[in-house]
Amino acid sequence: MTSGLWELVLRGIWTTVQLLVFSSLLAAAVSFVVGVARTHRVWIVRFLAGFYTEVFRGTSALVMIFWVFFVLPPAFGWQLVPMWAGTLALGLTYGAYGSEIVRGALKAVDPAQQEGGIALSFTPWQRLRLILLPQAVPEMIPPFSNLLIELLKGTALVSVMGMGDLAFSGNLVRLALQESAGIYTYLLLIYFVIAFLLTRLMRGLEKKLKAGVGKEPAREVQVPQPVGGGVG
């Protein structure tokens, strides 16, 4: 490829990384707010959080991008730029999946820990901040890592808005060179490298958080193999 085409691909990588960072931050915020709300003692709060989760988990991320970018402008009289439309659609969609991770991790904490906080006259916020989250967050990291990889792959959907992400840039290069195999192979490798770096980053974060609560990340159990042949 020429230097101009490589520059186009690099701009696409930068756009994809920006979209990944912005949408993952929004998804993380939504995950914790909605996930905690789903464990709230007031039923209406649980109902509204559950309704949000079911709506956004049950709709297509691609259709949500279309809805945010094409339906909202005439309905409300304002237009989002593609970056923020993609961030909003992806963040809200994947945040719904993340909220189930948060809810499940909070529910998995030993009830005796919660009872201990009540015995110490902690408020619900203190129990959440001092007891539940420090134990639940390390357990959220592996599923959040998987969700982050899914979000990375989901960023390719924004190309339908004409946004110059990696997938869109790669398609322009394909059209310019009239070559599919090589270009799409490059795209696969680039996505893989970004996903691998994210996985290692999340693995390091998991180790750090579990060390803070006196735990070690799960390791594979090695089953000892018999040495030598059978009994003669």
# chains A, B, ... in the order shown; residues from 1 in each chain; ligands from 1
$ residues_around --residues "Val137 of chain A" --least-positions-apart "3" --cutoff "12 Å" --atoms "only C-alpha atoms" --output "ChimeraX atom specification"
/A:28,31-32,35,101-109,128-134,140-144,205-210,212-213
$ write_last_selection --atoms "C-alpha atoms" --output "short mmCIF file (atom, residue, chain, number, x, y, z; two decimals), in the first residue's frame"
data_model
loop_
_atom_site.label_atom_id
_atom_site.label_comp_id
_atom_site.auth_asym_id
_atom_site.auth_seq_id
_atom_site.Cartn_x
_atom_site.Cartn_y
_atom_site.Cartn_z
CA ALA A 28 -18.88 1.04 32.81
CA SER A 31 -23.15 -0.99 34.35
CA PHE A 32 -22.46 0.08 37.92
CA GLY A 35 -26.33 -3.09 38.36
CA ILE A 101 -22.23 -8.68 35.63
CA VAL A 102 -22.35 -6.12 38.44
CA ARG A 103 -25.61 -7.47 39.84
CA GLY A 104 -24.36 -11.06 39.80
CA ALA A 105 -21.06 -10.16 41.48
CA LEU A 106 -22.81 -8.19 44.24
CA LYS A 107 -25.23 -11.04 44.88
CA ALA A 108 -22.30 -13.49 45.05
CA VAL A 109 -20.76 -11.76 48.08
CA LEU A 128 -21.85 -1.00 49.34
CA ARG A 129 -18.66 1.09 49.32
CA LEU A 130 -16.73 -0.58 52.15
CA ILE A 131 -17.91 -4.20 52.05
CA LEU A 132 -19.63 -5.26 48.84
CA LEU A 133 -17.73 -3.48 46.06
CA PRO A 134 -14.18 -4.26 47.32
CA MET A 140 -16.23 -8.68 37.73
CA ILE A 141 -12.95 -8.26 35.87
CA PRO A 142 -12.92 -11.52 33.81
CA PRO A 143 -16.48 -11.10 32.46
CA PHE A 144 -15.86 -7.37 31.95
CA LEU A 205 -5.85 -5.31 36.73
CA GLU A 206 -7.46 -8.51 38.01
CA LYS A 207 -4.23 -9.60 39.71
CA LYS A 208 -3.79 -6.20 41.33
CA LEU A 209 -7.35 -6.05 42.65
CA LYS A 210 -7.35 -9.61 43.95
CA GLY A 212 -5.65 -6.11 47.45
CA VAL A 213 -8.28 -8.40 49.00
#
$ closest_atom_pairs --of "segment 98-183 of chain A" --to "segment 12-24 of chain A" --cutoff "8 Å" --atoms "only C-alpha atoms" --output "Markdown table"
| residue | atom | partner | partner_atom | distance |
| --- | --- | --- | --- | --- |
| A:Leu148 | CA | A:Ser24 | CA | 7.1 |
| A:Leu151 | CA | A:Leu20 | CA | 7.1 |
| A:Leu152 | CA | A:Leu20 | CA | 6.1 |
| A:Thr155 | CA | A:Thr16 | CA | 6.6 |
| A:Ala156 | CA | A:Thr16 | CA | 8.0 |
| A:Gly164 | CA | A:Gly12 | CA | 5.6 |
| A:Asp165 | CA | A:Gly12 | CA | 4.2 |
| A:Leu166 | CA | A:Gly12 | CA | 4.0 |
| A:Ala167 | CA | A:Gly12 | CA | 7.4 |
| A:Phe168 | CA | A:Gly12 | CA | 7.4 |
| A:Ser169 | CA | A:Gly12 | CA | 5.5 |
| A:Gly170 | CA | A:Gly12 | CA | 7.9 |
$ select_by_dssp --residues "segment 74-188 of chain A" --states "alpha helix (DSSP H)" --output "PyMOL selection string"
chain A and resi 74-76+82-108+111-119+124-127+133-154+166-177+181-188
